[in-house]
>>> print(open('model_27.cif').read())   # mmCIF, C-alpha atoms
data_work
loop_
_atom_site.label_atom_id
_atom_site.label_comp_id
_atom_site.auth_asym_id
_atom_site.auth_seq_id
_atom_site.Cartn_x
_atom_site.Cartn_y
_atom_site.Cartn_z
CA MET A 1 -7.14 -35.66 19.74
CA ALA A 2 -4.09 -35.39 17.54
CA LYS A 3 -2.51 -31.97 17.44
CA VAL A 4 -2.97 -30.23 14.10
CA ASN A 5 -0.24 -27.86 12.99
CA VAL A 6 -1.82 -24.74 11.51
CA SER A 7 -0.14 -21.60 10.29
CA LEU A 8 -0.64 -18.50 8.19
CA PRO A 9 0.89 -17.95 4.76
CA GLN A 10 4.11 -15.93 5.01
CA GLY A 11 3.55 -12.19 4.86
CA THR A 12 -0.06 -12.32 6.12
CA ARG A 13 -1.56 -11.70 9.57
CA ASP A 14 -4.67 -12.18 11.68
CA PHE A 15 -6.05 -9.10 13.44
CA GLY A 16 -7.71 -9.45 16.84
CA PRO A 17 -10.43 -7.08 18.13
CA ASP A 18 -8.03 -4.53 19.67
CA THR A 19 -5.93 -4.37 16.50
CA VAL A 20 -9.01 -4.05 14.28
CA ARG A 21 -10.25 -1.10 16.36
CA LYS A 22 -6.88 0.63 16.00
CA ARG A 23 -6.77 -0.05 12.26
CA ASN A 24 -10.31 1.28 11.89
CA TYR A 25 -9.19 4.47 13.65
CA ILE A 26 -6.61 4.94 10.88
CA PHE A 27 -9.06 4.02 8.10
CA ASN A 28 -11.75 6.35 9.45
CA THR A 29 -9.30 9.24 9.82
CA ILE A 30 -8.11 8.86 6.23
CA ARG A 31 -11.65 8.43 4.86
CA SER A 32 -12.87 11.54 6.69
CA VAL A 33 -10.12 13.65 5.10
CA PHE A 34 -10.76 12.20 1.63
CA GLU A 35 -14.45 13.10 1.92
CA LEU A 36 -13.61 16.53 3.35
CA TYR A 37 -11.76 17.21 0.07
CA GLY A 38 -14.68 15.97 -2.06
CA PHE A 39 -13.45 12.51 -3.10
CA GLU A 40 -15.99 9.74 -3.82
CA PRO A 41 -15.64 6.07 -2.75
CA LEU A 42 -14.95 3.25 -5.21
CA GLU A 43 -14.21 -0.49 -5.01
CA THR A 44 -12.77 -2.87 -7.61
CA PRO A 45 -12.47 -6.71 -7.53
CA ALA A 46 -9.70 -8.50 -5.64
CA MET A 47 -8.67 -10.17 -8.90
CA GLU A 48 -8.10 -8.71 -12.35
CA ASN A 49 -7.42 -10.26 -15.73
CA LEU A 50 -3.70 -10.89 -15.93
CA ASP A 51 -3.28 -8.83 -19.09
CA THR A 52 -4.78 -5.84 -17.23
CA LEU A 53 -1.87 -5.91 -14.76
CA MET A 54 1.16 -7.27 -16.62
CA GLY A 55 3.53 -4.78 -18.21
CA LYS A 56 2.28 -1.83 -16.14
CA TYR A 57 4.73 -1.96 -13.21
CA GLY A 58 8.09 -2.55 -14.88
CA ASP A 59 10.07 -5.79 -14.81
CA GLU A 60 10.62 -5.63 -11.04
CA GLY A 61 6.94 -5.07 -10.26
CA ASP A 62 5.66 -7.67 -12.71
CA LYS A 63 7.68 -10.33 -10.87
CA LEU A 64 5.71 -9.59 -7.68
CA ILE A 65 2.23 -10.16 -9.14
CA PHE A 66 0.38 -13.09 -7.54
CA LYS A 67 -0.99 -15.13 -10.45
CA ILE A 68 -4.03 -17.38 -10.00
CA LEU A 69 -3.98 -20.86 -11.56
CA ASN A 70 -6.82 -21.71 -13.93
CA ASN A 71 -9.37 -24.31 -12.84
CA GLY A 72 -9.21 -27.86 -14.14
CA LEU A 73 -5.45 -28.22 -14.60
CA ASP A 74 -5.60 -31.56 -12.75
CA ARG A 75 -7.83 -33.17 -15.37
CA PRO A 76 -6.09 -36.12 -17.07
CA GLU A 77 -6.80 -34.80 -20.57
CA LYS A 78 -5.05 -31.52 -19.70
CA GLU A 79 -2.01 -33.00 -17.97
CA LYS A 80 0.43 -32.95 -20.91
CA GLN A 81 -0.57 -29.43 -22.01
CA ALA A 82 -0.31 -28.20 -18.42
CA ARG A 83 3.21 -29.63 -18.10
CA ASP A 84 4.28 -27.95 -21.34
CA ASP A 85 2.74 -24.65 -20.25
CA PHE A 86 4.44 -24.79 -16.84
CA GLU A 87 7.79 -25.17 -18.63
CA LYS A 88 7.02 -21.92 -20.47
CA ILE A 89 6.09 -20.25 -17.16
CA LEU A 90 9.47 -21.30 -15.71
CA ALA A 91 11.11 -19.73 -18.76
CA GLY A 92 9.51 -16.39 -17.83
CA LYS A 93 6.59 -16.45 -20.28
CA ASN A 94 2.90 -15.90 -19.52
CA VAL A 95 0.65 -18.71 -20.67
CA ALA A 96 -3.14 -18.25 -20.73
CA GLY A 97 -3.61 -22.00 -20.46
CA ILE A 98 -2.12 -21.88 -16.95
CA THR A 99 -3.16 -18.49 -15.61
CA GLU A 100 -5.46 -15.75 -16.90
CA ARG A 101 -6.13 -13.87 -13.66
CA ALA A 102 -4.13 -12.33 -10.81
CA LEU A 103 -4.60 -10.64 -7.44
CA LYS A 104 -4.31 -6.90 -7.80
CA TYR A 105 -0.86 -5.45 -7.16
CA ASP A 106 -2.09 -1.94 -6.43
CA LEU A 107 -5.25 0.17 -6.71
CA THR A 108 -4.07 2.52 -9.48
CA ILE A 109 -4.09 0.21 -12.51
CA PRO A 110 -7.54 -1.25 -11.64
CA PHE A 111 -8.77 2.34 -11.23
CA ALA A 112 -7.42 3.26 -14.68
CA ARG A 113 -9.21 0.20 -16.08
CA TYR A 114 -12.42 1.34 -14.34
CA VAL A 115 -12.14 4.86 -15.80
CA ALA A 116 -11.55 3.45 -19.30
CA MET A 117 -14.58 1.15 -19.02
CA ASN A 118 -16.85 3.89 -17.60
CA TYR A 119 -15.42 6.92 -19.41
CA ASN A 120 -18.75 8.03 -20.91
CA LYS A 121 -20.55 7.81 -17.55
CA LEU A 122 -18.10 9.86 -15.47
CA SER A 123 -17.92 13.63 -14.93
CA PHE A 124 -14.40 15.05 -15.06
CA PRO A 125 -12.32 15.89 -13.17
CA PHE A 126 -13.27 12.72 -11.30
CA LYS A 127 -12.02 12.46 -7.71
CA ARG A 128 -12.16 9.00 -6.15
CA TYR A 129 -10.84 7.31 -3.05
CA GLN A 130 -10.42 3.59 -2.48
CA VAL A 131 -9.60 1.55 0.65
CA GLN A 132 -8.86 -2.09 -0.17
CA PRO A 133 -6.25 -4.85 0.23
CA VAL A 134 -3.58 -5.56 -2.41
CA TRP A 135 -1.14 -8.45 -2.76
CA ARG A 136 2.54 -8.64 -3.70
CA ALA A 137 4.85 -11.67 -3.82
CA ASP A 138 7.53 -9.74 -1.94
CA LYS A 139 10.02 -10.98 0.65
CA PRO A 140 8.28 -10.47 4.03
CA GLN A 141 10.13 -8.30 6.56
CA ARG A 142 9.41 -5.55 9.07
CA GLY A 143 6.96 -3.15 7.48
CA ARG A 144 6.66 -5.26 4.30
CA TYR A 145 3.82 -7.73 3.85
CA ARG A 146 2.38 -9.86 1.06
CA GLU A 147 -1.18 -8.78 1.84
CA PHE A 148 -1.69 -5.19 2.89
CA TYR A 149 -4.16 -2.34 2.60
CA GLN A 150 -3.80 0.75 0.47
CA CYS A 151 -5.86 3.91 0.84
CA ASP A 152 -5.72 5.81 -2.46
CA ALA A 153 -6.99 9.19 -3.62
CA ASP A 154 -6.79 10.10 -7.31
CA ILE A 155 -7.89 12.97 -9.53
CA VAL A 156 -8.31 12.17 -13.23
CA GLY A 157 -9.28 14.37 -16.15
CA SER A 158 -7.21 17.41 -15.15
CA ASN A 159 -3.53 18.27 -15.63
CA ALA A 160 -3.60 21.28 -13.28
CA LEU A 161 -0.70 21.30 -10.82
CA LEU A 162 -3.10 22.52 -8.15
CA ASN A 163 -4.15 18.86 -7.95
CA GLU A 164 -0.67 18.00 -6.66
CA VAL A 165 -0.99 20.81 -4.11
CA GLU A 166 -4.35 19.41 -2.98
CA LEU A 167 -2.95 15.89 -2.59
CA ALA A 168 0.02 17.21 -0.60
CA SER A 169 -2.52 18.98 1.61
CA ILE A 170 -4.36 15.69 2.15
CA TYR A 171 -1.13 14.02 3.23
CA ALA A 172 -0.37 16.84 5.64
CA THR A 173 -3.90 16.90 7.07
CA VAL A 174 -4.11 13.13 7.64
CA PHE A 175 -0.73 12.84 9.34
CA GLU A 176 -1.40 15.88 11.52
CA LYS A 177 -4.66 14.22 12.67
CA LEU A 178 -2.76 10.97 13.38
CA LYS A 179 -0.02 13.00 15.16
CA ILE A 180 2.75 11.46 13.02
CA ASN A 181 5.64 13.77 12.22
CA VAL A 182 6.41 13.21 8.53
CA GLU A 183 8.49 14.45 5.63
CA ILE A 184 6.62 14.67 2.32
CA LYS A 185 9.26 14.20 -0.37
CA ILE A 186 8.68 15.29 -3.96
CA ASN A 187 10.53 14.96 -7.24
CA SER A 188 9.59 14.85 -10.93
CA ARG A 189 9.99 12.08 -13.46
CA LYS A 190 10.74 14.90 -15.89
CA LEU A 191 14.03 15.41 -14.02
CA LEU A 192 14.80 11.71 -14.31
CA SER A 193 14.02 11.91 -18.02
CA ALA A 194 16.40 14.87 -18.28
CA LEU A 195 19.04 12.92 -16.36
CA ALA A 196 18.72 10.07 -18.86
CA GLU A 197 19.10 12.54 -21.74
CA ILE A 198 22.35 14.01 -20.42
CA SER A 199 23.85 10.71 -19.26
CA GLY A 200 22.78 7.63 -21.17
CA GLY A 201 20.03 8.59 -23.58
CA LEU A 202 16.25 8.45 -23.14
CA ASP A 203 16.22 4.72 -23.85
CA LYS A 204 18.09 4.28 -20.55
CA MET A 205 15.50 6.15 -18.44
CA MET A 206 13.86 3.06 -16.92
CA ASP A 207 17.25 1.45 -16.24
CA ILE A 208 18.38 4.61 -14.43
CA THR A 209 15.08 4.98 -12.54
CA ILE A 210 15.01 1.35 -11.37
CA ALA A 211 18.62 1.59 -10.13
CA ILE A 212 18.08 4.90 -8.29
CA ASP A 213 14.89 3.54 -6.72
CA LYS A 214 17.05 0.96 -4.90
CA LEU A 215 19.38 3.58 -3.38
CA ASP A 216 17.92 3.40 0.15
CA LYS A 217 18.03 -0.40 0.15
CA VAL A 218 21.46 -1.15 -1.34
CA GLY A 219 23.53 2.07 -1.10
CA LEU A 220 25.30 4.22 -3.69
CA GLU A 221 28.11 1.84 -4.66
CA LYS A 222 25.73 -0.99 -5.53
CA VAL A 223 23.55 1.45 -7.49
CA LYS A 224 26.62 2.39 -9.54
CA LEU A 225 27.40 -1.28 -10.16
CA GLU A 226 23.82 -1.88 -11.27
CA LEU A 227 24.02 1.08 -13.65
CA ASN A 228 27.18 -0.43 -15.15
CA GLY A 229 25.37 -3.74 -15.43
CA ARG A 230 22.53 -2.02 -17.27
CA GLY A 231 24.90 -0.77 -19.95
CA LEU A 232 25.98 2.68 -18.71
CA ASN A 233 29.68 3.45 -18.89
CA ASN A 234 31.72 5.10 -16.12
CA LYS A 235 31.46 8.57 -17.68
CA GLN A 236 27.67 8.32 -17.71
CA VAL A 237 27.60 7.00 -14.13
CA VAL A 238 29.67 10.02 -13.00
CA ILE A 239 26.91 12.34 -14.28
CA ILE A 240 24.28 10.34 -12.37
CA ASP A 241 26.50 10.40 -9.26
CA LYS A 242 26.70 14.20 -9.54
CA TYR A 243 22.89 14.35 -9.68
CA LEU A 244 22.49 12.07 -6.64
CA ALA A 245 25.05 14.10 -4.68
CA ILE A 246 22.63 17.05 -4.73
CA ALA A 247 20.63 15.13 -2.09
CA GLU A 248 23.34 16.16 0.40
CA TYR A 249 21.52 19.50 0.56
CA SER A 250 18.24 17.76 1.51
CA GLY A 251 16.26 19.94 3.89
CA ASP A 252 17.24 23.14 2.08
CA ASN A 253 14.85 23.28 -0.87
CA LYS A 254 16.38 26.46 -2.27
CA MET A 255 19.87 24.95 -2.38
CA VAL A 256 18.59 21.70 -3.93
CA MET A 257 16.65 23.60 -6.59
CA ASP A 258 19.61 25.87 -7.36
CA GLU A 259 21.93 22.88 -7.86
CA LEU A 260 19.38 21.11 -10.06
CA LYS A 261 19.01 24.25 -12.18
CA LYS A 262 22.77 24.27 -12.76
CA LEU A 263 22.76 20.63 -13.83
CA PHE A 264 19.79 20.96 -16.21
CA VAL A 265 20.42 24.52 -17.37
CA GLU A 266 20.11 23.63 -21.07
CA ASN A 267 17.62 20.76 -20.84
CA ALA A 268 13.95 21.45 -21.65
CA SER A 269 12.54 18.46 -19.76
CA GLY A 270 14.64 19.29 -16.70
CA ASN A 271 13.53 22.91 -16.68
CA GLU A 272 9.88 21.89 -17.05
CA GLY A 273 10.20 19.51 -14.09
CA LEU A 274 11.86 22.19 -11.97
CA LYS A 275 9.09 24.65 -12.85
CA ASP A 276 6.49 22.09 -11.67
CA LEU A 277 8.31 21.49 -8.38
CA GLN A 278 8.67 25.22 -7.74
CA PHE A 279 4.92 25.70 -8.30
CA ILE A 280 4.16 23.03 -5.70
CA LEU A 281 6.64 24.50 -3.21
CA ASP A 282 5.27 28.01 -3.67
CA ASN A 283 1.63 26.98 -3.25
CA THR A 284 2.09 24.55 -0.36
CA GLY A 285 4.27 27.16 1.32
CA GLN A 286 1.19 29.37 1.65
CA LEU A 287 -0.60 26.66 3.66
CA ALA A 288 -0.18 26.12 7.40
CA PHE A 289 1.52 22.71 7.25
CA THR A 290 3.46 21.29 10.14
CA SER A 291 4.74 18.57 7.79
CA LYS A 292 7.90 19.34 5.83
CA ILE A 293 7.75 19.23 2.04
CA LEU A 294 11.20 18.46 0.67
CA VAL A 295 12.57 18.18 -2.86
CA ASP A 296 14.50 14.88 -3.01
CA PRO A 297 16.47 14.20 -6.23
CA THR A 298 16.97 10.55 -5.22
CA LEU A 299 13.22 9.88 -5.19
CA ALA A 300 12.49 7.75 -8.27
CA ARG A 301 9.54 5.37 -7.66
CA GLY A 302 10.18 2.47 -9.99
CA LEU A 303 6.67 2.10 -11.41
CA ASN A 304 6.52 2.54 -15.18
CA TYR A 305 3.42 4.68 -15.37
CA TYR A 306 4.54 7.90 -13.62
CA THR A 307 5.15 10.88 -15.93
CA GLY A 308 5.46 13.99 -13.73
CA THR A 309 5.48 14.84 -10.03
CA ILE A 310 6.15 11.93 -7.67
CA PHE A 311 5.55 11.77 -3.89
CA GLU A 312 6.88 9.73 -1.01
CA VAL A 313 6.15 10.10 2.71
CA LYS A 314 8.51 9.03 5.49
CA ALA A 315 7.89 9.05 9.24
CA ALA A 316 10.51 11.33 10.79
CA ASP A 317 10.75 9.62 14.20
CA VAL A 318 10.84 5.93 13.21
CA LYS A 319 13.15 3.92 10.97
CA MET A 320 10.62 2.58 8.50
CA GLY A 321 10.08 2.44 4.75
CA SER A 322 7.74 4.89 3.07
CA ILE A 323 4.26 5.19 4.58
CA GLY A 324 2.82 6.91 1.52
CA GLY A 325 3.60 7.51 -2.12
CA GLY A 326 2.16 8.43 -5.48
CA GLY A 327 2.53 10.66 -8.47
CA ARG A 328 1.25 11.92 -11.81
CA TYR A 329 0.38 9.55 -14.65
CA ASP A 330 -0.76 11.44 -17.72
CA ASP A 331 -1.91 8.63 -20.01
CA LEU A 332 -2.59 5.58 -17.90
CA THR A 333 -6.06 5.02 -19.37
CA GLY A 334 -4.42 4.98 -22.81
CA LEU A 335 -3.21 1.48 -21.92
CA PHE A 336 -6.88 0.47 -22.02
CA GLY A 337 -7.85 2.24 -25.24
CA VAL A 338 -8.90 5.63 -23.82
CA PRO A 339 -6.00 8.07 -24.38
CA GLY A 340 -5.66 11.63 -23.15
CA VAL A 341 -6.97 11.31 -19.57
CA PRO A 342 -4.36 12.85 -17.24
CA GLY A 343 -4.31 11.80 -13.61
CA VAL A 344 -2.46 12.13 -10.33
CA GLY A 345 -2.85 10.17 -7.12
CA ILE A 346 -1.46 9.29 -3.71
CA SER A 347 -1.59 6.21 -1.50
CA PHE A 348 -1.37 5.63 2.26
CA GLY A 349 0.35 2.47 3.51
CA VAL A 350 -1.97 1.66 6.41
CA ASP A 351 -0.01 -1.34 7.68
CA ARG A 352 3.18 0.67 8.06
CA ILE A 353 1.25 3.60 9.52
CA TYR A 354 -0.12 1.18 12.13
CA ASP A 355 3.40 -0.02 12.97
CA VAL A 356 4.61 3.58 13.35
CA MET A 357 1.70 4.51 15.63
CA GLU A 358 2.23 1.40 17.78
CA GLU A 359 5.94 2.13 18.15
CA LEU A 360 5.32 5.77 19.07
CA ASP A 361 2.23 4.98 21.24
CA LEU A 362 0.02 7.37 19.26
CA PHE A 363 -3.32 5.55 19.38
CA PRO A 364 -5.96 7.33 21.51
#
>>> encode(input="model_27.cif", output="structure tokens")
Amino acid sequence: MAKVNVSLPQGTRDFGPDTVRKRNYIFNTIRSVFELYGFEPLETPAMENLDTLMGKYGDEGDKLIFKILNNGLDRPEKEKQARDDFEKILAGKNVAGITERALKYDLTIPFARYVAMNYNKLSFPFKRYQVQPVWRADKPQRGRYREFYQCDADIVGSNALLNEVELASIYATVFEKLKINVEIKINSRKLLSALAEISGGLDKMMDITIAIDKLDKVGLEKVKLELNGRGLNNKQVVIIDKYLAIAEYSGDNKMVMDELKKLFVENASGNEGLKDLQFILDNTGQLAFTSKILVDPTLARGLNYYTGTIFEVKAADVKMGSIGGGGRYDDLTGLFGVPGVPGVGISFGVDRIYDVMEELDLFP
């Protein structure tokens, strides 16, 4: 019999029985904590209409969406139109004649679509959790896959900051159960908005956020070059550099907060963001966490839809990307015709959590 060469698509994996059992241990631990805090389960389809997803993640995120080709493009009568449409695709345009659907990039936008479609049936605040795979056309590397699972918990219909405290508690509880030593980093998009106001103008906020979000990957000097490339002059970049330098005090929340107060002393958005962060620090400080909660000015999270507090979780004992993240999005359902529904949510990166637990030999 001739040998057949078979392989997996890049960025995907098979899981044997032993691996599945270990992954289920993680899933079950996370689910048990979600349900302990009163969250209800939800599932959405693997694919969404392309216009549901596009434009929600910023330019960088939109490039990573896996688009699904329409059926019937190989029919002779459609050949010329398909060729013309593919030329438009190569020019960076979206063409319904070629693709109208895509694999979901995350669980948050499909959840917002679900809330908008079922708004009159839901009781608010609505607390849901979701454990499903997502897909991103990213460059595969250690801890980064093209198909991976997210475990999300979101609260919509309430703008109370106690929701952020509850979600931080969920992070702490889950990672204590998994015996992973973590740092839960927090920041506010209101501070990034304030930074844009005092450096380049509000119209530069996304440019600044996207550049800062790459700091861990490319380093400070390349971030500065990118800021220049996005139209900020050297004087404006100096202000941003001063803001980023506050991260040198990371680990000392009081010092970080004091320095941020000096920088944003006369800025309303900055002061509002600092007030939010202080509330979270004060209220989580009353809880018996072993996990550290740290204010990190360099935390940006490049997704377009965040409006307030943002989270990121890093494993303290392993060199790995974030194993959790999230934040507040106060009008995400407005993108689907239902404005005024505030929300906040977090996500666990199960695949990276698995890698951390394997490396540290933490599975029971």
>>> resolve_selection(input="model_27.cif", expression="the PyMOL selection byres ((chain A and resi 363) around 10)", output="number ranges by chain")
A: 22-23, 25-26, 178-179, 354, 357-362, 364
>>> closest_residue(input="model_27.cif", among="A:Asp138, A:Glu40, A:Asp62, A:Glu48", to="Gln10 of chain A", atoms="only C-alpha atoms")
A:Asp138
>>> resolve_selection(input="model_27.cif", expression="the PyMOL selection byres ((chain A and resi 231) around 12)", output="PyMOL selection string")
chain A and resi 199-201+203-205+207-208+211+224-230+232-237
>>> closest_residue(input="model_27.cif", among="A:Pro339, A:Pro17, A:Gly97, A:Gly327", to="Asp154 of chain A", atoms="all atoms listed in the file")
A:Gly327
>>> resolve_selection(input="model_27.cif", expression="the PyMOL selection byres ((chain A and resi 313-324) around 10)", output="count of residues only")
41
>>> closest_residue(input="model_27.cif", among="A:Asp213, A:Asp106, A:Glu164, A:Glu266", to="Thr309 of chain A", atoms="only C-alpha atoms")
A:Glu164
>>> axis_aligned_box(input="model_27.cif", around="segment 331-343 of chain A", padding_each_side="8 Å", output="JSON")
{"center_x": -5.4, "center_y": 6.7, "center_z": -19.4, "size_x": 23.0, "size_y": 28.4, "size_z": 27.6}
>>> residues_near_point(input="model_27.cif", point="(20.7, 15.8, -21.4)", cutoff="9 Å", atoms="all atoms listed in the file", output="list of chain:residue names")
A:Ser193, A:Ala194, A:Leu195, A:Ala196, A:Glu197, A:Ile198, A:Ser199, A:Gly200, A:Gly201, A:Leu202, A:Phe264, A:Glu266, A:Asn267, A:Ala268, A:Ser269, A:Gly270
>>> residues_around(input="model_27.cif", residues="Met255 of chain A", least_positions_apart="5", cutoff="12 Å", atoms="all atoms listed in the file", output="ChimeraX atom specification")
/A:246-250,260-262,294-297
>>> residues_around(input="model_27.cif", residues="Val338 of chain A", least_positions_apart="4", cutoff="6 Å", atoms="only C-alpha atoms", output="list in words")
Ala116, Thr333 and Gly334 of chain A
>>> write_last_selection(input="model_27.cif", atoms="C-alpha atoms", output="tab-separated table (two decimals), in the frame of the given file")
chain	number	residue	atom	x	y	z
A	116	ALA	CA	-11.55	3.45	-19.30
A	333	THR	CA	-6.06	5.02	-19.37
A	334	GLY	CA	-4.42	4.98	-22.81
>>> closest_residue(input="model_27.cif", among="A:Lys275, A:Leu299, A:Lys190, A:Leu281", to="Leu244 of chain A", atoms="all atoms listed in the file")
A:Leu299
>>> atom_distance(input="model_27.cif", atom1="atom CA of Asn120 of chain A", atom2="atom CA of Asn49 of chain A")
22.1 Å
>>> closest_residue(input="model_27.cif", among="A:Ala137, A:Leu287, A:Leu335, A:Met117", to="Asn304 of chain A", atoms="all atoms listed in the file")
A:Leu335
>>> atom_distance(input="model_27.cif", atom1="atom CA of Leu215 of chain A", atom2="atom CA of Phe279 of chain A")
26.9 Å
>>> closest_residue(input="model_27.cif", among="A:Ala245, A:Leu263, A:Leu332, A:Val174", to="Ser32 of chain A", atoms="all atoms listed in the file")
A:Val174
>>> atom_distance(input="model_27.cif", atom1="atom CA of Asp14 of chain A", atom2="atom CA of Pro133 of chain A")
13.7 Å
>>> residues_around(input="model_27.cif", residues="Val156 of chain A", least_positions_apart="5", cutoff="12 Å", atoms="all atoms listed in the file", output="VMD selection string")
chain A and resid 39 108 111 to 112 114 to 116 119 122 to 129 163 to 164 327 to 333 340 to 345
>>> write_last_selection(input="model_27.cif", atoms="C-alpha atoms", output="PDB file, in the frame of the given file")
ATOM      1  CA  PHE A  39     -13.450  12.510  -3.100  1.00  0.00           C
ATOM      2  CA  THR A 108      -4.070   2.520  -9.480  1.00  0.00           C
ATOM      3  CA  PHE A 111      -8.770   2.340 -11.230  1.00  0.00           C
ATOM      4  CA  ALA A 112      -7.420   3.260 -14.680  1.00  0.00           C
ATOM      5  CA  TYR A 114     -12.420   1.340 -14.340  1.00  0.00           C
ATOM      6  CA  VAL A 115     -12.140   4.860 -15.800  1.00  0.00           C
ATOM      7  CA  ALA A 116     -11.550   3.450 -19.300  1.00  0.00           C
ATOM      8  CA  TYR A 119     -15.420   6.920 -19.410  1.00  0.00           C
ATOM      9  CA  LEU A 122     -18.100   9.860 -15.470  1.00  0.00           C
ATOM     10  CA  SER A 123     -17.920  13.630 -14.930  1.00  0.00           C
ATOM     11  CA  PHE A 124     -14.400  15.050 -15.060  1.00  0.00           C
ATOM     12  CA  PRO A 125     -12.320  15.890 -13.170  1.00  0.00           C
ATOM     13  CA  PHE A 126     -13.270  12.720 -11.300  1.00  0.00           C
ATOM     14  CA  LYS A 127     -12.020  12.460  -7.710  1.00  0.00           C
ATOM     15  CA  ARG A 128     -12.160   9.000  -6.150  1.00  0.00           C
ATOM     16  CA  TYR A 129     -10.840   7.310  -3.050  1.00  0.00           C
ATOM     17  CA  ASN A 163      -4.150  18.860  -7.950  1.00  0.00           C
ATOM     18  CA  GLU A 164      -0.670  18.000  -6.660  1.00  0.00           C
ATOM     19  CA  GLY A 327       2.530  10.660  -8.470  1.00  0.00           C
ATOM     20  CA  ARG A 328       1.250  11.920 -11.810  1.00  0.00           C
ATOM     21  CA  TYR A 329       0.380   9.550 -14.650  1.00  0.00           C
ATOM     22  CA  ASP A 330      -0.760  11.440 -17.720  1.00  0.00           C
ATOM     23  CA  ASP A 331      -1.910   8.630 -20.010  1.00  0.00           C
ATOM     24  CA  LEU A 332      -2.590   5.580 -17.900  1.00  0.00           C
ATOM     25  CA  THR A 333      -6.060   5.020 -19.370  1.00  0.00           C
ATOM     26  CA  GLY A 340      -5.660  11.630 -23.150  1.00  0.00           C
ATOM     27  CA  VAL A 341      -6.970  11.310 -19.570  1.00  0.00           C
ATOM     28  CA  PRO A 342      -4.360  12.850 -17.240  1.00  0.00           C
ATOM     29  CA  GLY A 343      -4.310  11.800 -13.610  1.00  0.00           C
ATOM     30  CA  VAL A 344      -2.460  12.130 -10.330  1.00  0.00           C
ATOM     31  CA  GLY A 345      -2.850  10.170  -7.120  1.00  0.00           C
TER      32      GLY A 345
END
